[in-house]
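In what follows, a single structure is set out as structure tokens and then discussed.
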Amino acid sequence: MNMERRKFLEKAAVLGIGLFAAEIACSREKGIPSEPGTSRQEVTGPEVIELPAFEKNSTFTLDQALVNRKSMRSFTDTPLSPEKLSRLLWAMTGVNRPNGRRTTPSALAAYPVDVFSALPGGVYRYETKEHRLVRVLSEDIRSKVPIQPGFKKAAMIALYVANVKRRLGGKRTIRWADIEIGCMVQNLYLEAASLGIGSCVFGLVRYGKVSKLLGLEDNQLLRIAQTVGPIDK
Ligand SMILES: Cc1cc2nc3c(=O)[nH]c(=O)nc-3n(C[C@H](O)[C@H](O)[C@H](O)COP(=O)(O)O)c2cc1C
């Protein structure tokens, strides 16, 4: 992709996220409920969100992130800025070397886990190589994923899907994929802690319903989910 096109797509992504944030703010002003899953008008995000580049020179130390890491369960409906979204996904499992390897380890570098990101503008697949989100569903499903009410309006719900066909084969895949997911979960917790926002991994997921909404195939198993976003202080 040439630089001009890349810059254009980055601007479009920023605009797209800004638009759905503006829509939520506007709904609030009009007194329309903004809780996902209520009568709020659905807003579809852009088809592709090119995640903006950012400086990886945070002065927030790993020790500080470890001290602050905890599960938080009461989210506001404030959306994530494009930069925060970019940082969170990159920390979770972004590419950190020229050979395409990532912030998380993977058995045989097979990368059998796909991460889907449920946002107000739809559900997106995180493409690590391109560091972008590609929309797979034009629906805000955040209220349909968790059983716990406090999680329903989190700015983002990460959905961890193991692809049991991908290279490893058989039972080993699922065991190793789950370990890989654990690494992603902790990375996301730590990045959220460093950004001063909340996160909680949760097993109480409506697995059947969400798998159906995403159109997952038999070899794609939704294993667990994780909220991330601004919290009620
Ligand atoms: C595999 C797994 C599943 C979890 N499922 C839930 C859940 O469904 N709901 C929830 O509120 N917390 C869930 N948690 C978060 C734990 O409750 C939390 O980590 C624990 O209470 C310790 O708190 P801390 O994370 O703040 O240290 C889960 C944690 C793990 C590792």
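Chain labels follow the order of the structure tokens: the first chain is A, the next B, and so on; residue numbering restarts at 1 in every chain, and ligands are counted from 1 in their shown order.
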Enumerate residues in contact with ligand 1: an atom-to-atom distance of at most 9 Å, counting only C-alpha atoms and all ligand atoms. Format the result as JSON, numbers by chain.
-> {"A": [69, 70, 71, 72, 73, 146, 147, 148, 150, 151, 182, 185, 189, 199, 200, 201, 202, 203, 204, 205, 224, 225, 226]}
Determine, counting only C-alpha atoms, which protein, DNA and RNA residues have an atom within 12 Å of an atom of A:Leu214; residues of the same chain fewer than 5 positions away are not included. Present the result as a list in words.
->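 Using only C-alpha atoms, the neighbours found are Val115, Phe116, Ser117, Ala118, Gly122, Val123, Tyr124, Arg125, Arg135, Val136, Leu137, Ser138, Glu139, Asp140, Ile141, Lys144, Val145, Leu159, Val161, Tyr207, Gly208, Lys209, Gln220, Leu221 and Leu222 of chain A.
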Those same residues - N, CA, C and O atoms - I'd like them written as a JSON list (two decimals), in the first residue's frame.
```json
[["chain", "number", "residue", "atom", "x", "y", "z"],
["A", 115, "VAL", "N", -8.71, -12.84, 16.94],
["A", 115, "VAL", "CA", -9.34, -11.93, 17.89],
["A", 115, "VAL", "C", -10.36, -11.08, 17.15],
["A", 115, "VAL", "O", -10.05, -10.47, 16.12],
["A", 116, "PHE", "N", -11.57, -11.09, 17.68],
["A", 116, "PHE", "CA", -12.62, -10.22, 17.15],
["A", 116, "PHE", "C", -12.88, -9.13, 18.17],
["A", 116, "PHE", "O", -12.83, -9.37, 19.38],
["A", 117, "SER", "N", -13.15, -7.95, 17.66],
["A", 117, "SER", "CA", -13.32, -6.79, 18.53],
["A", 117, "SER", "C", -14.73, -6.25, 18.34],
["A", 117, "SER", "O", -15.08, -5.76, 17.27],
["A", 118, "ALA", "N", -15.55, -6.41, 19.40],
["A", 118, "ALA", "CA", -16.93, -5.90, 19.32],
["A", 118, "ALA", "C", -16.92, -4.45, 19.78],
["A", 118, "ALA", "O", -16.56, -4.14, 20.91],
["A", 122, "GLY", "N", -19.82, -2.15, 15.20],
["A", 122, "GLY", "CA", -19.86, -3.50, 14.63],
["A", 122, "GLY", "C", -18.78, -4.39, 15.23],
["A", 122, "GLY", "O", -18.08, -4.02, 16.16],
["A", 123, "VAL", "N", -18.68, -5.59, 14.63],
["A", 123, "VAL", "CA", -17.64, -6.53, 15.09],
["A", 123, "VAL", "C", -16.56, -6.59, 14.02],
["A", 123, "VAL", "O", -16.87, -6.71, 12.82],
["A", 124, "TYR", "N", -15.32, -6.51, 14.46],
["A", 124, "TYR", "CA", -14.17, -6.45, 13.55],
["A", 124, "TYR", "C", -13.18, -7.57, 13.86],
["A", 124, "TYR", "O", -12.98, -7.92, 15.02],
["A", 125, "ARG", "N", -12.55, -8.10, 12.80],
["A", 125, "ARG", "CA", -11.45, -9.04, 13.00],
["A", 125, "ARG", "C", -10.15, -8.25, 13.03],
["A", 125, "ARG", "O", -9.92, -7.38, 12.18],
["A", 135, "ARG", "N", -14.24, -5.17, 9.34],
["A", 135, "ARG", "CA", -15.58, -5.45, 9.85],
["A", 135, "ARG", "C", -16.12, -6.79, 9.36],
["A", 135, "ARG", "O", -16.01, -7.10, 8.17],
["A", 136, "VAL", "N", -16.66, -7.57, 10.28],
["A", 136, "VAL", "CA", -17.27, -8.84, 9.88],
["A", 136, "VAL", "C", -18.77, -8.85, 10.18],
["A", 136, "VAL", "O", -19.50, -9.71, 9.69],
["A", 137, "LEU", "N", -19.22, -7.88, 10.96],
["A", 137, "LEU", "CA", -20.65, -7.81, 11.30],
["A", 137, "LEU", "C", -21.03, -6.35, 11.57],
["A", 137, "LEU", "O", -20.38, -5.69, 12.37],
["A", 138, "SER", "N", -22.07, -5.87, 10.87],
["A", 138, "SER", "CA", -22.48, -4.46, 11.04],
["A", 138, "SER", "C", -23.52, -4.35, 12.15],
["A", 138, "SER", "O", -24.62, -3.86, 11.92],
["A", 139, "GLU", "N", -23.19, -4.81, 13.31],
["A", 139, "GLU", "CA", -24.16, -4.75, 14.40],
["A", 139, "GLU", "C", -23.40, -4.57, 15.72],
["A", 139, "GLU", "O", -22.33, -5.16, 15.91],
["A", 140, "ASP", "N", -23.97, -3.75, 16.57],
["A", 140, "ASP", "CA", -23.39, -3.60, 17.92],
["A", 140, "ASP", "C", -23.90, -4.75, 18.78],
["A", 140, "ASP", "O", -25.05, -4.75, 19.20],
["A", 141, "ILE", "N", -23.04, -5.74, 18.99],
["A", 141, "ILE", "CA", -23.49, -6.94, 19.74],
["A", 141, "ILE", "C", -23.01, -6.91, 21.20],
["A", 141, "ILE", "O", -23.16, -7.90, 21.92],
["A", 144, "LYS", "N", -25.03, -8.30, 23.87],
["A", 144, "LYS", "CA", -25.45, -9.70, 23.70],
["A", 144, "LYS", "C", -24.38, -10.70, 24.12],
["A", 144, "LYS", "O", -24.63, -11.88, 24.20],
["A", 145, "VAL", "N", -23.17, -10.20, 24.40],
["A", 145, "VAL", "CA", -22.06, -11.12, 24.70],
["A", 145, "VAL", "C", -22.05, -11.56, 26.17],
["A", 145, "VAL", "O", -22.07, -12.75, 26.48],
["A", 159, "LEU", "N", -13.17, -10.81, 21.63],
["A", 159, "LEU", "CA", -13.69, -12.19, 21.56],
["A", 159, "LEU", "C", -12.56, -13.07, 21.04],
["A", 159, "LEU", "O", -12.04, -12.83, 19.94],
["A", 161, "VAL", "N", -11.16, -16.40, 19.61],
["A", 161, "VAL", "CA", -11.68, -17.56, 18.86],
["A", 161, "VAL", "C", -10.50, -18.45, 18.43],
["A", 161, "VAL", "O", -9.59, -18.01, 17.73],
["A", 207, "TYR", "N", -22.03, -18.09, 24.65],
["A", 207, "TYR", "CA", -21.19, -18.68, 23.60],
["A", 207, "TYR", "C", -21.99, -19.02, 22.33],
["A", 207, "TYR", "O", -21.57, -18.69, 21.23],
["A", 208, "GLY", "N", -23.12, -19.71, 22.53],
["A", 208, "GLY", "CA", -23.90, -20.17, 21.38],
["A", 208, "GLY", "C", -24.41, -19.00, 20.56],
["A", 208, "GLY", "O", -24.24, -18.94, 19.33],
["A", 209, "LYS", "N", -25.01, -18.05, 21.25],
["A", 209, "LYS", "CA", -25.61, -16.90, 20.58],
["A", 209, "LYS", "C", -24.55, -16.09, 19.82],
["A", 209, "LYS", "O", -24.75, -15.71, 18.66],
["A", 220, "GLN", "N", -14.10, -23.24, 14.42],
["A", 220, "GLN", "CA", -13.82, -21.97, 15.12],
["A", 220, "GLN", "C", -14.55, -21.96, 16.45],
["A", 220, "GLN", "O", -15.79, -21.93, 16.49],
["A", 221, "LEU", "N", -13.77, -21.97, 17.53],
["A", 221, "LEU", "CA", -14.39, -22.06, 18.86],
["A", 221, "LEU", "C", -14.17, -20.78, 19.66],
["A", 221, "LEU", "O", -13.02, -20.39, 19.91],
["A", 222, "LEU", "N", -15.28, -20.16, 20.04],
["A", 222, "LEU", "CA", -15.19, -18.99, 20.91],
["A", 222, "LEU", "C", -14.83, -19.49, 22.30],
["A", 222, "LEU", "O", -15.54, -20.30, 22.88]]
```
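If only C-alpha atoms are the atoms counted, then among A:Ala109, A:Leu85, A:Leu119, A:Val164 the closest residue to A:Ile197 is A:Leu85.
Listed by chain and then by rising number, the residues of stretch 39-168 of chain A that DSSP assigns to helix (DSSP H, G or I) from the backbone are Leu62, Asp63, Gln64, Ala65, Leu66, Val67, Asn68, Pro82, Glu83, Lys84, Leu85, Ser86, Arg87, Leu88, Leu89, Trp90, Ala91, Met92, Thr93, Ala107, Leu108, Ala109, Arg142, Ser143, Lys144, Pro149, Gly150 and Phe151 of chain A.
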For the residues selected in the previous step, produce a file with N, CA and C atoms as a PDB file, in the first residue's frame.
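What follows is the written file again-v5.pdb:
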```
ATOM      1  N   LEU A  62       6.453  -1.139  33.307  1.00  0.00           N
ATOM      2  CA  LEU A  62       5.809  -2.449  33.434  1.00  0.00           C
ATOM      3  C   LEU A  62       5.438  -2.699  34.900  1.00  0.00           C
ATOM      4  N   ASP A  63       6.341  -2.292  35.813  1.00  0.00           N
ATOM      5  CA  ASP A  63       6.042  -2.463  37.244  1.00  0.00           C
ATOM      6  C   ASP A  63       4.759  -1.728  37.632  1.00  0.00           C
ATOM      7  N   GLN A  64       4.619  -0.495  37.131  1.00  0.00           N
ATOM      8  CA  GLN A  64       3.404   0.272  37.463  1.00  0.00           C
ATOM      9  C   GLN A  64       2.158  -0.420  36.916  1.00  0.00           C
ATOM     10  N   ALA A  65       2.274  -0.950  35.691  1.00  0.00           N
ATOM     11  CA  ALA A  65       1.124  -1.649  35.088  1.00  0.00           C
ATOM     12  C   ALA A  65       0.768  -2.884  35.905  1.00  0.00           C
ATOM     13  N   LEU A  66       1.784  -3.590  36.371  1.00  0.00           N
ATOM     14  CA  LEU A  66       1.526  -4.795  37.184  1.00  0.00           C
ATOM     15  C   LEU A  66       0.886  -4.418  38.525  1.00  0.00           C
ATOM     16  N   VAL A  67       1.342  -3.311  39.101  1.00  0.00           N
ATOM     17  CA  VAL A  67       0.757  -2.856  40.373  1.00  0.00           C
ATOM     18  C   VAL A  67      -0.723  -2.503  40.171  1.00  0.00           C
ATOM     19  N   ASN A  68      -1.036  -1.872  39.035  1.00  0.00           N
ATOM     20  CA  ASN A  68      -2.413  -1.399  38.795  1.00  0.00           C
ATOM     21  C   ASN A  68      -3.338  -2.447  38.197  1.00  0.00           C
ATOM     22  N   PRO A  82      -9.096   6.396  18.666  1.00  0.00           N
ATOM     23  CA  PRO A  82      -8.366   5.516  17.745  1.00  0.00           C
ATOM     24  C   PRO A  82      -6.988   5.143  18.282  1.00  0.00           C
ATOM     25  N   GLU A  83      -6.307   6.089  18.955  1.00  0.00           N
ATOM     26  CA  GLU A  83      -4.963   5.769  19.447  1.00  0.00           C
ATOM     27  C   GLU A  83      -5.023   4.718  20.560  1.00  0.00           C
ATOM     28  N   LYS A  84      -5.985   4.878  21.452  1.00  0.00           N
ATOM     29  CA  LYS A  84      -6.086   3.880  22.534  1.00  0.00           C
ATOM     30  C   LYS A  84      -6.421   2.504  21.960  1.00  0.00           C
ATOM     31  N   LEU A  85      -7.356   2.496  21.003  1.00  0.00           N
ATOM     32  CA  LEU A  85      -7.733   1.230  20.365  1.00  0.00           C
ATOM     33  C   LEU A  85      -6.506   0.583  19.722  1.00  0.00           C
ATOM     34  N   SER A  86      -5.723   1.407  19.047  1.00  0.00           N
ATOM     35  CA  SER A  86      -4.523   0.927  18.372  1.00  0.00           C
ATOM     36  C   SER A  86      -3.523   0.346  19.375  1.00  0.00           C
ATOM     37  N   ARG A  87      -3.301   1.074  20.453  1.00  0.00           N
ATOM     38  CA  ARG A  87      -2.351   0.607  21.484  1.00  0.00           C
ATOM     39  C   ARG A  87      -2.830  -0.697  22.119  1.00  0.00           C
ATOM     40  N   LEU A  88      -4.114  -0.759  22.407  1.00  0.00           N
ATOM     41  CA  LEU A  88      -4.651  -1.942  23.102  1.00  0.00           C
ATOM     42  C   LEU A  88      -4.501  -3.193  22.237  1.00  0.00           C
ATOM     43  N   LEU A  89      -4.861  -3.062  20.956  1.00  0.00           N
ATOM     44  CA  LEU A  89      -4.813  -4.246  20.088  1.00  0.00           C
ATOM     45  C   LEU A  89      -3.370  -4.660  19.810  1.00  0.00           C
ATOM     46  N   TRP A  90      -2.520  -3.667  19.642  1.00  0.00           N
ATOM     47  CA  TRP A  90      -1.114  -3.997  19.396  1.00  0.00           C
ATOM     48  C   TRP A  90      -0.516  -4.697  20.617  1.00  0.00           C
ATOM     49  N   ALA A  91      -0.789  -4.149  21.801  1.00  0.00           N
ATOM     50  CA  ALA A  91      -0.261  -4.782  23.019  1.00  0.00           C
ATOM     51  C   ALA A  91      -0.816  -6.195  23.155  1.00  0.00           C
ATOM     52  N   MET A  92      -2.082  -6.348  22.845  1.00  0.00           N
ATOM     53  CA  MET A  92      -2.729  -7.656  23.017  1.00  0.00           C
ATOM     54  C   MET A  92      -2.032  -8.735  22.189  1.00  0.00           C
ATOM     55  N   THR A  93      -1.827  -8.494  20.916  1.00  0.00           N
ATOM     56  CA  THR A  93      -1.150  -9.493  20.079  1.00  0.00           C
ATOM     57  C   THR A  93      -0.682  -8.908  18.743  1.00  0.00           C
ATOM     58  N   ALA A 107       2.667 -21.458  20.079  1.00  0.00           N
ATOM     59  CA  ALA A 107       3.303 -22.763  19.851  1.00  0.00           C
ATOM     60  C   ALA A 107       3.548 -22.965  18.355  1.00  0.00           C
ATOM     61  N   LEU A 108       4.768 -23.258  17.993  1.00  0.00           N
ATOM     62  CA  LEU A 108       5.193 -23.450  16.598  1.00  0.00           C
ATOM     63  C   LEU A 108       4.908 -22.222  15.725  1.00  0.00           C
ATOM     64  N   ALA A 109       4.725 -21.091  16.376  1.00  0.00           N
ATOM     65  CA  ALA A 109       4.348 -19.847  15.666  1.00  0.00           C
ATOM     66  C   ALA A 109       3.174 -20.087  14.720  1.00  0.00           C
ATOM     67  N   ARG A 142     -22.419  -5.784  21.637  1.00  0.00           N
ATOM     68  CA  ARG A 142     -21.795  -5.780  22.969  1.00  0.00           C
ATOM     69  C   ARG A 142     -22.761  -6.191  24.080  1.00  0.00           C
ATOM     70  N   SER A 143     -24.024  -5.802  23.945  1.00  0.00           N
ATOM     71  CA  SER A 143     -24.963  -6.149  25.029  1.00  0.00           C
ATOM     72  C   SER A 143     -25.349  -7.625  24.986  1.00  0.00           C
ATOM     73  N   LYS A 144     -25.032  -8.296  23.865  1.00  0.00           N
ATOM     74  CA  LYS A 144     -25.445  -9.704  23.703  1.00  0.00           C
ATOM     75  C   LYS A 144     -24.376 -10.696  24.124  1.00  0.00           C
ATOM     76  N   PRO A 149     -24.477  -7.552  33.672  1.00  0.00           N
ATOM     77  CA  PRO A 149     -24.916  -6.264  33.114  1.00  0.00           C
ATOM     78  C   PRO A 149     -23.809  -5.225  33.012  1.00  0.00           C
ATOM     79  N   GLY A 150     -22.896  -5.174  33.987  1.00  0.00           N
ATOM     80  CA  GLY A 150     -21.853  -4.136  34.003  1.00  0.00           C
ATOM     81  C   GLY A 150     -20.933  -4.169  32.795  1.00  0.00           C
ATOM     82  N   PHE A 151     -20.890  -5.314  32.115  1.00  0.00           N
ATOM     83  CA  PHE A 151     -19.970  -5.469  30.974  1.00  0.00           C
ATOM     84  C   PHE A 151     -20.568  -4.993  29.648  1.00  0.00           C
TER      85      PHE A 151
END
```
Out of A:Leu213, A:Ile179, A:Val134, A:Ala110, which residue has the shortest atom-to-atom distance to A:Arg166 when counting only C-alpha atoms?
->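 Closest residue, counting only C-alpha atoms: A:Ala110.
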Write down as an NGL selection string the residues of stretch 34-158 of chain A whose backbone DSSP state falls under strand (DSSP E or B).
-> :A and (48-50 or 75 or 95 or 102 or 113-119 or 122-127 or 132-137 or 146 or 156-158)
Residues as selected, N, CA and C atoms, written as a PDB file, in the first residue's frame, can you do that?
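And here is the file that came out, result16.pdb:
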```pdb
ATOM      1  N   VAL A  48     -13.271  -0.843   7.178  1.00  0.00           N
ATOM      2  CA  VAL A  48     -11.891  -1.121   7.620  1.00  0.00           C
ATOM      3  C   VAL A  48     -11.441   0.021   8.520  1.00  0.00           C
ATOM      4  N   ILE A  49     -10.895  -0.322   9.662  1.00  0.00           N
ATOM      5  CA  ILE A  49     -10.296   0.702  10.527  1.00  0.00           C
ATOM      6  C   ILE A  49      -8.787   0.497  10.497  1.00  0.00           C
ATOM      7  N   GLU A  50      -8.095   1.393   9.800  1.00  0.00           N
ATOM      8  CA  GLU A  50      -6.624   1.346   9.792  1.00  0.00           C
ATOM      9  C   GLU A  50      -6.177   1.953  11.115  1.00  0.00           C
ATOM     10  N   PHE A  75     -18.430  -0.244  33.520  1.00  0.00           N
ATOM     11  CA  PHE A  75     -17.926   0.566  32.411  1.00  0.00           C
ATOM     12  C   PHE A  75     -18.874   1.710  32.069  1.00  0.00           C
ATOM     13  N   VAL A  95       2.052  -7.262  15.914  1.00  0.00           N
ATOM     14  CA  VAL A  95       3.366  -7.658  15.387  1.00  0.00           C
ATOM     15  C   VAL A  95       4.435  -6.750  16.003  1.00  0.00           C
ATOM     16  N   ARG A 102       4.862 -11.790  17.175  1.00  0.00           N
ATOM     17  CA  ARG A 102       3.987 -10.869  17.905  1.00  0.00           C
ATOM     18  C   ARG A 102       4.382 -10.646  19.364  1.00  0.00           C
ATOM     19  N   VAL A 113      -5.174 -18.420  17.042  1.00  0.00           N
ATOM     20  CA  VAL A 113      -6.248 -17.637  17.685  1.00  0.00           C
ATOM     21  C   VAL A 113      -6.582 -16.406  16.843  1.00  0.00           C
ATOM     22  N   ASP A 114      -7.862 -16.223  16.571  1.00  0.00           N
ATOM     23  CA  ASP A 114      -8.324 -14.989  15.933  1.00  0.00           C
ATOM     24  C   ASP A 114      -8.987 -14.137  16.994  1.00  0.00           C
ATOM     25  N   VAL A 115      -8.706 -12.837  16.938  1.00  0.00           N
ATOM     26  CA  VAL A 115      -9.341 -11.927  17.895  1.00  0.00           C
ATOM     27  C   VAL A 115     -10.361 -11.080  17.147  1.00  0.00           C
ATOM     28  N   PHE A 116     -11.570 -11.090  17.680  1.00  0.00           N
ATOM     29  CA  PHE A 116     -12.619 -10.224  17.146  1.00  0.00           C
ATOM     30  C   PHE A 116     -12.879  -9.127  18.169  1.00  0.00           C
ATOM     31  N   SER A 117     -13.152  -7.947  17.660  1.00  0.00           N
ATOM     32  CA  SER A 117     -13.316  -6.790  18.526  1.00  0.00           C
ATOM     33  C   SER A 117     -14.733  -6.255  18.342  1.00  0.00           C
ATOM     34  N   ALA A 118     -15.550  -6.413  19.395  1.00  0.00           N
ATOM     35  CA  ALA A 118     -16.931  -5.904  19.320  1.00  0.00           C
ATOM     36  C   ALA A 118     -16.919  -4.450  19.777  1.00  0.00           C
ATOM     37  N   LEU A 119     -17.281  -3.568  18.852  1.00  0.00           N
ATOM     38  CA  LEU A 119     -17.262  -2.117  19.081  1.00  0.00           C
ATOM     39  C   LEU A 119     -18.663  -1.563  18.805  1.00  0.00           C
ATOM     40  N   GLY A 122     -19.816  -2.150  15.196  1.00  0.00           N
ATOM     41  CA  GLY A 122     -19.860  -3.500  14.631  1.00  0.00           C
ATOM     42  C   GLY A 122     -18.783  -4.394  15.228  1.00  0.00           C
ATOM     43  N   VAL A 123     -18.678  -5.590  14.633  1.00  0.00           N
ATOM     44  CA  VAL A 123     -17.642  -6.528  15.092  1.00  0.00           C
ATOM     45  C   VAL A 123     -16.560  -6.592  14.017  1.00  0.00           C
ATOM     46  N   TYR A 124     -15.321  -6.513  14.457  1.00  0.00           N
ATOM     47  CA  TYR A 124     -14.175  -6.449  13.549  1.00  0.00           C
ATOM     48  C   TYR A 124     -13.184  -7.567  13.861  1.00  0.00           C
ATOM     49  N   ARG A 125     -12.550  -8.097  12.801  1.00  0.00           N
ATOM     50  CA  ARG A 125     -11.446  -9.044  13.000  1.00  0.00           C
ATOM     51  C   ARG A 125     -10.147  -8.251  13.031  1.00  0.00           C
ATOM     52  N   TYR A 126      -9.300  -8.531  14.010  1.00  0.00           N
ATOM     53  CA  TYR A 126      -8.013  -7.829  14.089  1.00  0.00           C
ATOM     54  C   TYR A 126      -7.013  -8.517  13.169  1.00  0.00           C
ATOM     55  N   GLU A 127      -6.545  -7.783  12.169  1.00  0.00           N
ATOM     56  CA  GLU A 127      -5.525  -8.307  11.261  1.00  0.00           C
ATOM     57  C   GLU A 127      -4.177  -7.793  11.744  1.00  0.00           C
ATOM     58  N   ARG A 132      -4.827  -3.583  11.484  1.00  0.00           N
ATOM     59  CA  ARG A 132      -6.093  -2.941  11.147  1.00  0.00           C
ATOM     60  C   ARG A 132      -7.244  -3.838  11.580  1.00  0.00           C
ATOM     61  N   LEU A 133      -8.427  -3.234  11.601  1.00  0.00           N
ATOM     62  CA  LEU A 133      -9.631  -3.991  11.933  1.00  0.00           C
ATOM     63  C   LEU A 133     -10.493  -4.087  10.689  1.00  0.00           C
ATOM     64  N   VAL A 134     -10.998  -5.271  10.420  1.00  0.00           N
ATOM     65  CA  VAL A 134     -11.857  -5.469   9.253  1.00  0.00           C
ATOM     66  C   VAL A 134     -13.231  -5.926   9.748  1.00  0.00           C
ATOM     67  N   ARG A 135     -14.239  -5.174   9.344  1.00  0.00           N
ATOM     68  CA  ARG A 135     -15.585  -5.447   9.855  1.00  0.00           C
ATOM     69  C   ARG A 135     -16.117  -6.788   9.358  1.00  0.00           C
ATOM     70  N   VAL A 136     -16.660  -7.572  10.281  1.00  0.00           N
ATOM     71  CA  VAL A 136     -17.267  -8.844   9.883  1.00  0.00           C
ATOM     72  C   VAL A 136     -18.766  -8.846  10.181  1.00  0.00           C
ATOM     73  N   LEU A 137     -19.221  -7.884  10.956  1.00  0.00           N
ATOM     74  CA  LEU A 137     -20.651  -7.809  11.297  1.00  0.00           C
ATOM     75  C   LEU A 137     -21.034  -6.353  11.567  1.00  0.00           C
ATOM     76  N   PRO A 146     -22.039 -10.586  27.114  1.00  0.00           N
ATOM     77  CA  PRO A 146     -21.897 -10.992  28.524  1.00  0.00           C
ATOM     78  C   PRO A 146     -23.236 -11.278  29.189  1.00  0.00           C
ATOM     79  N   MET A 156     -15.111  -1.772  24.316  1.00  0.00           N
ATOM     80  CA  MET A 156     -14.740  -2.875  23.419  1.00  0.00           C
ATOM     81  C   MET A 156     -14.856  -4.195  24.167  1.00  0.00           C
ATOM     82  N   ILE A 157     -15.361  -5.188  23.465  1.00  0.00           N
ATOM     83  CA  ILE A 157     -15.308  -6.553  24.014  1.00  0.00           C
ATOM     84  C   ILE A 157     -14.478  -7.380  23.037  1.00  0.00           C
ATOM     85  N   ALA A 158     -13.356  -7.897  23.541  1.00  0.00           N
ATOM     86  CA  ALA A 158     -12.502  -8.761  22.710  1.00  0.00           C
ATOM     87  C   ALA A 158     -13.047 -10.184  22.799  1.00  0.00           C
TER      88      ALA A 158
END
```
With only C-alpha atoms as the atoms that count, which of A:Ile174, A:Ala162, A:Ala193, A:Val210 lies nearest to A:Pro230?
-> A:Ala193
Would you work out the distance separating atom CA of A:His131 from atom CA of A:Cys183, expressed in Å to one decimal?
->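 Computed distance, atom CA of A:His131 to atom CA of A:Cys183, equals 18.6 Å.
Remark: for A:Thr128, the closest of the candidate residues A:Asn57, A:Ser194, A:Thr78, A:Leu51 is A:Leu51 (distances computed over only C-alpha atoms).
Pairwise distance (atom CA of A:Ser58, atom CA of A:Asn187) equals 14.9 Å.
Residue nearest A:Ser106 within the list A:Arg223, A:Arg175, A:Arg206, A:Lys56: A:Arg175 [criterion: smallest interatomic distance, only C-alpha atoms].
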